[in-house]
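The next block is model-v8.cif, given as mmCIF, C-alpha atoms.
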data_input
#
loop_
_atom_site.label_atom_id
_atom_site.label_comp_id
_atom_site.auth_asym_id
_atom_site.auth_seq_id
_atom_site.Cartn_x
_atom_site.Cartn_y
_atom_site.Cartn_z
CA MET F 1 0.00 0.00 0.00
CA ARG F 2 1.41 3.36 -1.02
CA LEU F 3 0.14 6.77 0.04
CA TYR F 4 0.89 9.73 -2.20
CA GLY F 5 0.85 12.63 0.21
CA TYR F 6 2.52 15.74 1.54
CA SER F 7 3.16 16.62 5.16
CA ARG F 8 1.19 19.87 5.00
CA SER F 9 -1.78 18.54 3.00
CA SER F 10 -4.61 18.22 5.45
CA ALA F 11 -6.45 15.83 3.11
CA ALA F 12 -3.40 13.52 3.15
CA PHE F 13 -3.19 14.01 6.95
CA ARG F 14 -6.75 12.63 7.20
CA VAL F 15 -5.78 9.49 5.31
CA ARG F 16 -2.64 9.03 7.45
CA ILE F 17 -4.80 9.13 10.59
CA ALA F 18 -7.29 6.66 9.07
CA LEU F 19 -4.54 4.20 8.08
CA ASN F 20 -3.02 4.46 11.55
CA LEU F 21 -6.37 3.91 13.30
CA LYS F 22 -6.95 0.79 11.20
CA GLY F 23 -3.43 -0.42 11.99
CA LEU F 24 -2.49 -0.52 8.30
CA SER F 25 1.13 0.11 7.33
CA TYR F 26 1.92 1.96 4.14
CA GLU F 27 4.79 3.26 2.09
CA ASP F 28 5.15 7.04 1.72
CA ALA F 29 5.33 8.61 -1.73
CA LEU F 30 5.86 12.27 -0.99
CA ILE F 31 4.69 14.84 -3.51
CA HIS F 32 6.13 18.28 -2.87
CA LEU F 33 3.12 20.54 -3.42
CA ARG F 34 4.89 23.85 -2.90
CA ARG F 35 7.46 22.87 -5.52
CA GLY F 36 4.67 21.82 -7.91
CA ASP F 37 5.45 18.09 -8.15
CA GLN F 38 1.71 17.38 -8.29
CA ARG F 39 1.55 18.97 -11.74
CA GLN F 40 4.46 16.94 -13.18
CA PRO F 41 3.92 13.87 -15.40
CA PRO F 42 5.05 11.23 -12.89
CA PHE F 43 2.32 12.15 -10.44
CA LEU F 44 -0.26 13.04 -13.09
CA GLY F 45 0.09 9.41 -14.19
CA VAL F 46 -1.06 8.42 -10.70
CA ASN F 47 -3.79 11.03 -10.28
CA PRO F 48 -4.63 13.09 -13.38
CA GLN F 49 -6.33 15.60 -11.11
CA GLY F 50 -2.94 16.55 -9.69
CA LEU F 51 -4.09 16.54 -6.09
CA VAL F 52 -3.00 14.52 -3.08
CA PRO F 53 -3.82 12.19 -1.47
CA ALA F 54 -3.93 9.13 -3.71
CA LEU F 55 -3.74 5.64 -2.26
CA GLU F 56 -2.49 2.56 -4.10
CA ILE F 57 -4.36 -0.32 -2.49
CA ASP F 58 -5.72 -3.69 -3.62
CA GLY F 59 -4.37 -3.24 -7.14
CA GLN F 60 -5.97 0.14 -7.83
CA THR F 61 -5.42 3.81 -7.12
CA LEU F 62 -8.04 5.64 -5.08
CA ILE F 63 -8.36 9.42 -4.91
CA GLN F 64 -10.22 11.93 -2.72
CA SER F 65 -9.64 11.64 1.01
CA LEU F 66 -13.16 10.96 2.31
CA PRO F 67 -13.95 8.28 -0.32
CA ILE F 68 -10.56 6.68 0.46
CA ILE F 69 -11.41 6.66 4.18
CA GLU F 70 -14.88 5.20 3.55
CA TYR F 71 -13.21 2.49 1.42
CA LEU F 72 -10.79 1.67 4.24
CA ASP F 73 -13.73 1.49 6.63
CA GLU F 74 -15.69 -0.83 4.34
CA THR F 75 -12.75 -3.15 3.66
CA HIS F 76 -11.29 -3.05 7.19
CA PRO F 77 -14.32 -2.63 9.45
CA GLU F 78 -12.51 -2.54 12.82
CA PRO F 79 -12.40 -0.11 14.52
CA PRO F 80 -15.39 1.47 12.76
CA PHE F 81 -15.22 5.08 11.60
CA LEU F 82 -19.01 5.45 11.37
CA PRO F 83 -21.84 4.60 13.78
CA ARG F 84 -24.06 1.62 12.98
CA ASP F 85 -27.30 3.61 12.69
CA ALA F 86 -28.15 5.63 9.59
CA ALA F 87 -28.93 8.78 11.61
CA GLY F 88 -25.58 8.60 13.38
CA ARG F 89 -23.79 8.00 10.10
CA ALA F 90 -25.48 11.04 8.58
CA ARG F 91 -24.45 13.13 11.59
CA VAL F 92 -20.81 12.05 11.44
CA ARG F 93 -20.60 12.49 7.67
CA ALA F 94 -22.15 15.96 8.01
CA LEU F 95 -19.61 17.00 10.65
CA ALA F 96 -16.86 15.77 8.32
CA ALA F 97 -18.43 17.63 5.39
CA VAL F 98 -18.45 20.94 7.29
CA VAL F 99 -14.66 20.69 7.26
CA ALA F 100 -14.13 18.88 3.97
CA CYS F 101 -16.64 20.87 1.90
CA ASP F 102 -17.09 24.20 3.66
CA ILE F 103 -13.67 25.05 5.12
CA HIS F 104 -10.82 23.16 3.54
CA PRO F 105 -11.47 23.64 -0.22
CA VAL F 106 -11.69 27.41 0.11
CA ASN F 107 -8.32 27.46 1.89
CA ASN F 108 -6.53 24.97 -0.31
CA LEU F 109 -3.05 25.89 -1.55
CA ARG F 110 -4.21 26.37 -5.15
CA VAL F 111 -6.96 28.78 -4.03
CA LEU F 112 -4.59 30.80 -1.85
CA ARG F 113 -2.19 30.98 -4.79
CA TYR F 114 -4.96 32.29 -7.06
CA LEU F 115 -5.69 35.01 -4.49
CA SER F 116 -2.03 35.97 -4.65
CA ARG F 117 -1.80 35.72 -8.44
CA PRO F 118 -3.67 36.72 -10.56
CA LEU F 119 -5.83 38.49 -7.98
CA GLY F 120 -2.89 40.33 -6.40
CA HIS F 121 -3.70 40.05 -2.69
CA ASP F 122 -0.98 40.30 -0.07
CA GLN F 123 -0.24 37.83 2.70
CA ALA F 124 -2.32 39.80 5.24
CA ALA F 125 -5.45 39.66 3.05
CA ILE F 126 -4.87 35.96 2.42
CA GLU F 127 -4.54 35.24 6.15
CA THR F 128 -7.75 37.16 6.82
CA TRP F 129 -9.48 35.08 4.12
CA TYR F 130 -8.07 31.87 5.60
CA ASN F 131 -9.18 32.57 9.13
CA HIS F 132 -12.58 33.90 7.99
CA TRP F 133 -13.55 30.51 6.52
CA ILE F 134 -12.12 28.48 9.37
CA ALA F 135 -13.98 30.66 11.88
CA ALA F 136 -17.28 30.29 9.98
CA GLY F 137 -16.86 26.52 9.87
CA PHE F 138 -15.69 26.15 13.46
CA GLU F 139 -18.60 28.27 14.69
CA ALA F 140 -20.93 25.83 12.94
CA LEU F 141 -19.06 22.81 14.30
CA GLU F 142 -18.99 24.20 17.84
CA GLY F 143 -22.77 24.68 17.67
CA LEU F 144 -23.38 21.22 16.26
CA LEU F 145 -21.05 19.52 18.76
CA SER F 146 -21.87 21.45 21.93
CA THR F 147 -25.65 21.04 21.64
CA SER F 148 -25.84 17.33 20.81
CA ARG F 149 -26.10 14.47 23.24
CA ASP F 150 -24.31 12.33 20.66
CA THR F 151 -21.08 14.21 21.28
CA GLY F 152 -18.82 12.38 23.72
CA THR F 153 -15.11 12.33 24.30
CA PHE F 154 -14.93 12.51 20.53
CA CYS F 155 -17.26 14.02 17.90
CA HIS F 156 -19.66 11.08 18.15
CA GLY F 157 -19.46 9.00 21.29
CA ASP F 158 -16.30 7.83 22.97
CA ALA F 159 -14.30 6.45 20.07
CA PRO F 160 -12.69 8.44 17.28
CA GLY F 161 -14.24 8.28 13.83
CA LEU F 162 -14.61 10.02 10.49
CA ALA F 163 -15.54 13.40 11.97
CA ASP F 164 -12.50 13.44 14.27
CA ILE F 165 -10.24 12.34 11.43
CA THR F 166 -11.43 15.37 9.44
CA LEU F 167 -11.47 17.83 12.35
CA VAL F 168 -7.93 17.37 13.65
CA PRO F 169 -6.01 18.44 10.50
CA GLN F 170 -8.22 21.53 10.27
CA VAL F 171 -7.40 22.52 13.85
CA VAL F 172 -3.70 22.02 13.13
CA ASN F 173 -4.06 24.42 10.19
CA ALA F 174 -5.96 26.92 12.32
CA GLU F 175 -3.17 26.87 14.90
CA ARG F 176 -0.57 27.41 12.22
CA TYR F 177 -2.41 30.54 11.07
CA GLY F 178 -2.84 31.76 14.64
CA LEU F 179 -6.64 31.54 14.86
CA ASP F 180 -8.00 32.23 18.36
CA MET F 181 -9.54 28.89 19.36
CA SER F 182 -11.19 30.17 22.56
CA PRO F 183 -14.67 30.52 20.94
CA TYR F 184 -14.60 26.78 20.17
CA PRO F 185 -14.14 24.95 23.48
CA THR F 186 -15.80 21.72 22.34
CA VAL F 187 -13.76 21.61 19.14
CA SER F 188 -10.62 22.25 21.21
CA ARG F 189 -11.49 19.60 23.78
CA ILE F 190 -12.03 16.96 21.10
CA TYR F 191 -8.83 18.01 19.36
CA GLN F 192 -6.91 17.53 22.61
CA ALA F 193 -8.46 14.10 23.14
CA CYS F 194 -7.49 13.02 19.63
CA SER F 195 -3.98 14.38 19.93
CA LYS F 196 -3.30 12.04 22.83
CA LEU F 197 -3.84 9.02 20.57
CA ASP F 198 -0.82 7.61 18.74
CA ALA F 199 -2.77 7.24 15.48
CA PHE F 200 -3.37 10.99 15.36
CA ALA F 201 -0.01 12.07 16.79
CA ALA F 202 2.01 9.96 14.35
CA ALA F 203 0.08 11.43 11.41
CA HIS F 204 0.90 15.06 12.34
CA PRO F 205 2.72 17.03 9.63
CA ARG F 206 5.71 17.56 11.94
CA ARG F 207 6.20 13.80 12.16
CA GLN F 208 6.41 13.34 8.36
CA PRO F 209 9.78 12.94 6.59
CA ASP F 210 9.15 15.86 4.19
CA TYR F 211 8.18 18.35 6.89
CA GLU F 212 9.74 21.82 6.67
CA GLU F 213 9.14 24.74 9.05
CA MET S 214 -40.57 15.25 4.85
CA ARG S 215 -39.52 18.87 4.34
CA LEU S 216 -36.62 20.12 2.25
CA TYR S 217 -35.15 23.52 3.07
CA GLY S 218 -33.70 24.61 -0.25
CA TYR S 219 -33.35 27.28 -2.88
CA SER S 220 -33.82 26.92 -6.61
CA ARG S 221 -30.30 28.11 -7.44
CA SER S 222 -28.47 26.17 -4.71
CA SER S 223 -26.74 23.31 -6.44
CA ALA S 224 -26.41 21.42 -3.15
CA ALA S 225 -30.21 21.60 -2.73
CA PHE S 226 -30.58 20.62 -6.41
CA ARG S 227 -28.62 17.42 -5.64
CA VAL S 228 -31.03 16.50 -2.84
CA ARG S 229 -34.05 17.23 -5.04
CA ILE S 230 -32.70 14.81 -7.66
CA ALA S 231 -32.02 12.17 -5.01
CA LEU S 232 -35.52 12.45 -3.53
CA ASN S 233 -37.04 12.22 -7.01
CA LEU S 234 -34.95 9.17 -7.96
CA LYS S 235 -36.07 7.42 -4.76
CA GLY S 236 -39.67 8.37 -5.49
CA LEU S 237 -40.01 10.26 -2.20
CA SER S 238 -42.36 13.20 -2.03
CA TYR S 239 -41.46 16.21 0.08
CA GLU S 240 -42.67 19.63 1.08
CA ASP S 241 -40.66 22.65 -0.08
CA ALA S 242 -39.40 25.18 2.45
CA LEU S 243 -37.74 27.80 0.31
CA ILE S 244 -34.95 29.89 1.81
CA HIS S 245 -34.12 32.92 -0.29
CA LEU S 246 -30.31 32.94 -0.23
CA ARG S 247 -29.79 36.13 -2.20
CA ARG S 248 -32.07 37.99 0.22
CA GLY S 249 -30.18 36.49 3.19
CA ASP S 250 -33.00 34.41 4.72
CA GLN S 251 -30.44 31.72 5.62
CA ARG S 252 -28.92 34.07 8.19
CA GLN S 253 -32.24 34.91 9.90
CA PRO S 254 -33.34 33.28 13.17
CA PRO S 255 -36.14 31.10 11.73
CA PHE S 256 -33.75 29.20 9.48
CA LEU S 257 -30.82 29.31 11.93
CA GLY S 258 -33.09 27.36 14.26
CA VAL S 259 -33.26 24.66 11.60
CA ASN S 260 -29.58 24.71 10.57
CA PRO S 261 -27.30 26.83 12.74
CA GLN S 262 -24.74 26.73 9.93
CA GLY S 263 -27.07 28.89 7.84
CA LEU S 264 -26.65 26.82 4.68
CA VAL S 265 -29.10 24.89 2.55
CA PRO S 266 -30.06 22.13 2.07
CA ALA S 267 -31.49 20.79 5.30
CA LEU S 268 -33.92 17.88 5.29
CA GLU S 269 -36.49 17.16 7.98
CA ILE S 270 -36.96 13.41 7.86
CA ASP S 271 -37.75 10.62 10.33
CA GLY S 272 -38.07 13.11 13.23
CA GLN S 273 -34.70 14.77 12.76
CA THR S 274 -33.04 17.45 10.65
CA LEU S 275 -30.15 16.39 8.45
CA ILE S 276 -27.66 18.81 6.89
CA GLN S 277 -24.99 18.63 4.17
CA SER S 278 -26.11 17.35 0.79
CA LEU S 279 -23.91 14.27 0.33
CA PRO S 280 -24.52 12.92 3.85
CA ILE S 281 -28.26 13.50 3.30
CA ILE S 282 -28.10 11.57 0.03
CA GLU S 283 -26.15 8.71 1.62
CA TYR S 284 -28.79 8.60 4.37
CA LEU S 285 -31.58 8.39 1.78
CA ASP S 286 -29.68 5.60 0.05
CA GLU S 287 -29.20 3.66 3.30
CA THR S 288 -32.82 4.04 4.40
CA HIS S 289 -34.40 3.64 0.93
CA PRO S 290 -32.05 1.26 -0.89
CA GLU S 291 -33.88 1.13 -4.24
CA PRO S 292 -32.75 2.26 -6.73
CA PRO S 293 -29.20 2.25 -5.33
CA PHE S 294 -27.02 5.36 -5.66
CA LEU S 295 -23.77 3.45 -5.09
CA PRO S 296 -22.34 0.23 -6.60
CA ARG S 297 -22.26 -2.88 -4.44
CA ASP S 298 -18.46 -3.30 -4.49
CA ALA S 299 -16.18 -1.21 -2.31
CA ALA S 300 -13.96 -0.20 -5.24
CA GLY S 301 -16.95 0.99 -7.25
CA ARG S 302 -18.29 2.87 -4.26
CA ALA S 303 -14.94 4.60 -3.81
CA ARG S 304 -14.90 5.55 -7.49
CA VAL S 305 -18.41 7.01 -7.43
CA ARG S 306 -17.81 8.87 -4.17
CA ALA S 307 -14.56 10.28 -5.59
CA LEU S 308 -16.32 11.53 -8.74
CA ALA S 309 -18.90 13.18 -6.50
CA ALA S 310 -16.15 14.68 -4.33
CA VAL S 311 -14.43 16.28 -7.32
CA VAL S 312 -17.57 18.38 -7.69
CA ALA S 313 -18.63 18.66 -4.06
CA CYS S 314 -15.19 19.36 -2.59
CA ASP S 315 -13.08 20.78 -5.41
CA ILE S 316 -15.46 22.86 -7.53
CA HIS S 317 -18.63 23.83 -5.74
CA PRO S 318 -17.33 25.20 -2.40
CA VAL S 319 -14.95 27.61 -4.11
CA ASN S 320 -17.81 28.97 -6.21
CA ASN S 321 -20.43 29.13 -3.49
CA LEU S 322 -22.48 32.34 -3.16
CA ARG S 323 -20.78 33.35 0.10
CA VAL S 324 -17.33 32.98 -1.47
CA LEU S 325 -18.30 35.00 -4.55
CA ARG S 326 -19.68 37.67 -2.25
CA TYR S 327 -16.41 37.80 -0.31
CA LEU S 328 -14.55 38.32 -3.59
CA SER S 329 -16.86 41.23 -4.29
CA ARG S 330 -16.70 42.66 -0.75
CA PRO S 331 -14.33 43.04 1.06
CA LEU S 332 -11.91 42.02 -1.71
CA GLY S 333 -13.35 44.46 -4.23
CA HIS S 334 -13.35 42.37 -7.41
CA ASP S 335 -15.70 43.18 -10.26
CA GLN S 336 -18.12 40.83 -11.99
CA ALA S 337 -15.64 39.99 -14.77
CA ALA S 338 -12.96 38.87 -12.30
CA ILE S 339 -15.54 36.85 -10.38
CA GLU S 340 -16.73 35.12 -13.57
CA THR S 341 -13.13 34.29 -14.47
CA TRP S 342 -12.64 32.82 -11.00
CA TYR S 343 -15.88 30.86 -11.32
CA ASN S 344 -15.05 29.32 -14.66
CA HIS S 345 -11.43 28.66 -13.67
CA TRP S 346 -12.47 26.26 -10.91
CA ILE S 347 -15.20 24.58 -12.93
CA ALA S 348 -12.77 24.06 -15.82
CA ALA S 349 -10.13 22.57 -13.49
CA GLY S 350 -12.67 20.19 -12.02
CA PHE S 351 -14.32 19.25 -15.32
CA GLU S 352 -10.91 18.55 -16.86
CA ALA S 353 -10.28 16.11 -14.01
CA LEU S 354 -13.74 14.57 -14.37
CA GLU S 355 -13.44 14.24 -18.14
CA GLY S 356 -10.14 12.39 -17.67
CA LEU S 357 -11.54 10.12 -14.98
CA LEU S 358 -14.73 9.36 -16.93
CA SER S 359 -13.35 9.01 -20.46
CA THR S 360 -10.56 6.59 -19.52
CA SER S 361 -12.52 4.17 -17.34
CA ARG S 362 -14.35 1.07 -18.45
CA ASP S 363 -16.67 1.61 -15.50
CA THR S 364 -18.21 4.62 -17.21
CA GLY S 365 -21.41 3.76 -19.05
CA THR S 366 -24.47 5.72 -20.05
CA PHE S 367 -23.99 7.39 -16.69
CA CYS S 368 -20.90 8.05 -14.57
CA HIS S 369 -20.78 4.46 -13.34
CA GLY S 370 -22.59 1.91 -15.46
CA ASP S 371 -26.02 2.33 -16.97
CA ALA S 372 -28.05 3.65 -14.06
CA PRO S 373 -27.75 7.08 -12.48
CA GLY S 374 -26.16 7.36 -9.06
CA LEU S 375 -24.40 9.64 -6.60
CA ALA S 376 -21.84 10.91 -9.13
CA ASP S 377 -24.53 11.87 -11.64
CA ILE S 378 -26.59 13.52 -8.92
CA THR S 379 -23.59 15.71 -8.10
CA LEU S 380 -22.48 16.33 -11.69
CA VAL S 381 -25.72 17.62 -13.18
CA PRO S 382 -26.18 20.70 -10.97
CA GLN S 383 -22.56 21.67 -11.63
CA VAL S 384 -23.09 21.49 -15.41
CA VAL S 385 -26.22 23.62 -15.04
CA ASN S 386 -24.11 26.22 -13.20
CA ALA S 387 -21.40 26.04 -15.87
CA GLU S 388 -23.97 26.69 -18.59
CA ARG S 389 -25.35 29.63 -16.67
CA TYR S 390 -21.89 31.19 -16.57
CA GLY S 391 -21.29 30.43 -20.25
CA LEU S 392 -18.45 27.93 -19.85
CA ASP S 393 -17.42 26.28 -23.13
CA MET S 394 -18.31 22.63 -22.58
CA SER S 395 -16.68 21.31 -25.77
CA PRO S 396 -13.51 20.11 -23.96
CA TYR S 397 -15.68 17.80 -21.84
CA PRO S 398 -17.59 15.52 -24.23
CA THR S 399 -18.06 12.69 -21.75
CA VAL S 400 -19.30 15.05 -19.05
CA SER S 401 -21.68 16.59 -21.60
CA ARG S 402 -22.92 13.21 -22.85
CA ILE S 403 -23.72 12.05 -19.31
CA TYR S 404 -25.38 15.36 -18.54
CA GLN S 405 -27.62 14.94 -21.58
CA ALA S 406 -28.51 11.37 -20.57
CA CYS S 407 -29.45 12.52 -17.07
CA SER S 408 -31.47 15.48 -18.33
CA LYS S 409 -33.79 13.11 -20.17
CA LEU S 410 -34.86 11.53 -16.89
CA ASP S 411 -37.84 13.03 -15.09
CA ALA S 412 -36.09 12.83 -11.71
CA PHE S 413 -33.37 15.18 -12.93
CA ALA S 414 -35.57 17.40 -15.11
CA ALA S 415 -38.10 18.05 -12.34
CA ALA S 416 -35.30 19.06 -9.95
CA HIS S 417 -33.93 21.76 -12.27
CA PRO S 418 -33.83 25.27 -10.79
CA ARG S 419 -36.20 26.53 -13.52
CA ARG S 420 -38.83 24.08 -12.34
CA GLN S 421 -38.78 25.34 -8.73
CA PRO S 422 -41.45 27.74 -7.41
CA ASP S 423 -38.89 30.33 -6.24
CA TYR S 424 -37.00 30.51 -9.53
CA GLU S 425 -36.12 33.96 -10.84
CA GLU S 426 -34.23 34.75 -14.04
#

As structure tokens - that is how I would like this structure written.
Amino acid sequence: MRLYGYSRSSAAFRVRIALNLKGLSYEDALIHLRRGDQRQPPFLGVNPQGLVPALEIDGQTLIQSLPIIEYLDETHPEPPFLPRDAAGRARVRALAAVVACDIHPVNNLRVLRYLSRPLGHDQAAIETWYNHWIAAGFEALEGLLSTSRDTGTFCHGDAPGLADITLVPQVVNAERYGLDMSPYPTVSRIYQACSKLDAFAAAHPRRQPDYEE
Amino acid sequence: MRLYGYSRSSAAFRVRIALNLKGLSYEDALIHLRRGDQRQPPFLGVNPQGLVPALEIDGQTLIQSLPIIEYLDETHPEPPFLPRDAAGRARVRALAAVVACDIHPVNNLRVLRYLSRPLGHDQAAIETWYNHWIAAGFEALEGLLSTSRDTGTFCHGDAPGLADITLVPQVVNAERYGLDMSPYPTVSRIYQACSKLDAFAAAHPRRQPDYEE
């Protein structure tokens, strides 16, 4: 099994956490996004979309982090990433989607680059943009998490799952950009609980071989 | 069953298609996004995130279009929206994610508004932005669809599913913004096949009671 990733990619970070939680070992294929390796032929042969992560598994290449994680959960059911009931599954997938659809894509490297060129914005405007979308998403998540009896030590009950896998890389990004986390105590509490687990800690960007300050 | 939606919301459009394909009837609760009704207390009581769609079903309110659609598929299995094999499911979910994670969020109304104010871009710059991200995503989709033996009349085989449900609203948006579709013949062919089905046609923005030119 080979994971095409990048230390700073939070979508690849999600897949690293998922593989670790399932106890699956994998080989790293590191694609240097800031250098543009994702747009070079070797990687475009793996994923024509030119985005990480991509996972070589069971004789095929899968793309898109959440579909990859659902595949891992279907083919390696223990420990489960989703509750057994349809309502619980919808809740956990929705929490994951708040991050994966409403925060992360708007703050992706290629979007930030477009704001810089051709749109001509400076680093301060880009950081304001970045934190604006994280704050909007975290406000929603804090509301959803703090008001639900389904929330436990983790986003849904007392075992980590898909929502936690998606949340943690987003909090790491927020910290890197200096977002004030104090309005999001439930998000912060769950983040702390996850960070104590080896599967999450070992997946952190700082622990990857291609990490640069 | 009550669907909080808006004719022009492509995420609500996805859920309308899904409900129609499952043969489920629903009551419309229309939230006028351009007027800002999604940020008013009545709707914030339904979805504190202030986004459509939200679906009242089985005594609960579900949010986020793809999790809602997966819930409908789990609770009303026929006709299925996902293949039976894990690899096929991963492929279909990935095709859906290219639209739902890589195109649509970057072109959402709230993002376009931010480009206008505070960032100060004019309509021409916003249209260029809009078409840039659709083109990037459609190029990826065209590659994924045109090179796979799994592609049939629809994105995966000869029955419509989750990927088609996600694709069609994005093509409708592309047409509205005048994107040249000729580089994407497979995307266009599948869009045409879907448009012939009542479930898709009846979900079109133009067919909704709140539609305005």

* Could you list the residues in chain S lying within 8 Å of chain F, using only C-alpha atoms, and format the result as a PyMOL selection string? => chain S and resi 261-262+275-277+280-281+283-284+287-288+299-300+302-304+306-307+310-311+313-315+318-319+350+352-353+356-357

* Long-range neighbours of stretch 238-253 of chain S as a PyMOL selection string, 9 Å cut-off, all atoms listed in the file, 6 positions minimum in chain -> chain S and resi 214-222+232+260-265+322+422-423

Go ahead and dump the residues you just picked, C-alpha atoms, as a PDB file, in the coordinates of the input.
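Contents of part27.pdb, as written:
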ATOM      1  CA  MET S 214     -40.570  15.250   4.850  1.00  0.00           C
ATOM      2  CA  ARG S 215     -39.520  18.870   4.340  1.00  0.00           C
ATOM      3  CA  LEU S 216     -36.620  20.120   2.250  1.00  0.00           C
ATOM      4  CA  TYR S 217     -35.150  23.520   3.070  1.00  0.00           C
ATOM      5  CA  GLY S 218     -33.700  24.610  -0.250  1.00  0.00           C
ATOM      6  CA  TYR S 219     -33.350  27.280  -2.880  1.00  0.00           C
ATOM      7  CA  SER S 220     -33.820  26.920  -6.610  1.00  0.00           C
ATOM      8  CA  ARG S 221     -30.300  28.110  -7.440  1.00  0.00           C
ATOM      9  CA  SER S 222     -28.470  26.170  -4.710  1.00  0.00           C
ATOM     10  CA  LEU S 232     -35.520  12.450  -3.530  1.00  0.00           C
ATOM     11  CA  ASN S 260     -29.580  24.710  10.570  1.00  0.00           C
ATOM     12  CA  PRO S 261     -27.300  26.830  12.740  1.00  0.00           C
ATOM     13  CA  GLN S 262     -24.740  26.730   9.930  1.00  0.00           C
ATOM     14  CA  GLY S 263     -27.070  28.890   7.840  1.00  0.00           C
ATOM     15  CA  LEU S 264     -26.650  26.820   4.680  1.00  0.00           C
ATOM     16  CA  VAL S 265     -29.100  24.890   2.550  1.00  0.00           C
ATOM     17  CA  LEU S 322     -22.480  32.340  -3.160  1.00  0.00           C
ATOM     18  CA  PRO S 422     -41.450  27.740  -7.410  1.00  0.00           C
ATOM     19  CA  ASP S 423     -38.890  30.330  -6.240  1.00  0.00           C
TER      20      ASP S 423
END

* Evaluate the PyMOL selection byres ((chain F and resi 193) around 12) and report residues as an MDAnalysis selection string -> chainID F and resid 152:155 158:160 164:165 167:168 186:192 194:201

* To do: Pick out the residues sitting within 8 Å of S:Ala415, and hand them over as number ranges by chain; count only C-alpha atoms, and ignore anything fewer than 4 positions along from it in its own chain.
  => S: 230, 233, 411, 420

* Gap from atom CA of S:Asn344 to atom CA of S:Ala231 - Å, one decimal ->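 Pair atom CA of S:Asn344 / atom CA of S:Ala231 returns 26.0 Å.
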
Produce the centre coordinates and the three edge lengths, each in Å to one decimal, of the box along x, y and z that contains all listed atoms of stretch 154-172 of chain F with 6 Å added on each side, as JSON.
{"center_x": -11.7, "center_y": 14.5, "center_z": 16.2, "size_x": 28.0, "size_y": 28.1, "size_z": 25.5}

* To one decimal in Å, tell me the separation between atom CA of F:Gly120 and atom CA of F:Asp180. =>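 Interatomic distance, atom CA of F:Gly120 to atom CA of F:Asp180: 26.5 Å.
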
* Atomic separation - atom CA of S:Ala416 relative to atom CA of S:Arg227, Å ->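 Pair atom CA of S:Arg227 / atom CA of S:Ala416 returns 8.1 Å.
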
* Surrounding residues of stretch 387-391 of chain S excluding itself and chain neighbours under 5 positions, 9 Å, all atoms listed in the file, as JSON, numbers by chain -> {"S": [340, 343, 344, 347, 348, 382]}

Taking C-alpha atoms for each residue, export the selection above as a PDB file, keeping the file's coordinate frame.
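The result, written out as out_38.pdb:
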ATOM      1  CA  GLU S 340     -16.730  35.120 -13.570  1.00  0.00           C
ATOM      2  CA  TYR S 343     -15.880  30.860 -11.320  1.00  0.00           C
ATOM      3  CA  ASN S 344     -15.050  29.320 -14.660  1.00  0.00           C
ATOM      4  CA  ILE S 347     -15.200  24.580 -12.930  1.00  0.00           C
ATOM      5  CA  ALA S 348     -12.770  24.060 -15.820  1.00  0.00           C
ATOM      6  CA  PRO S 382     -26.180  20.700 -10.970  1.00  0.00           C
TER       7      PRO S 382
END

* Asked: Quick one: which residues end up in the PyMOL selection byres ((chain F and resi 81) around 8) for this structure, as a ChimeraX atom specification?
  -> /F:73,79-80,82-83,160-162
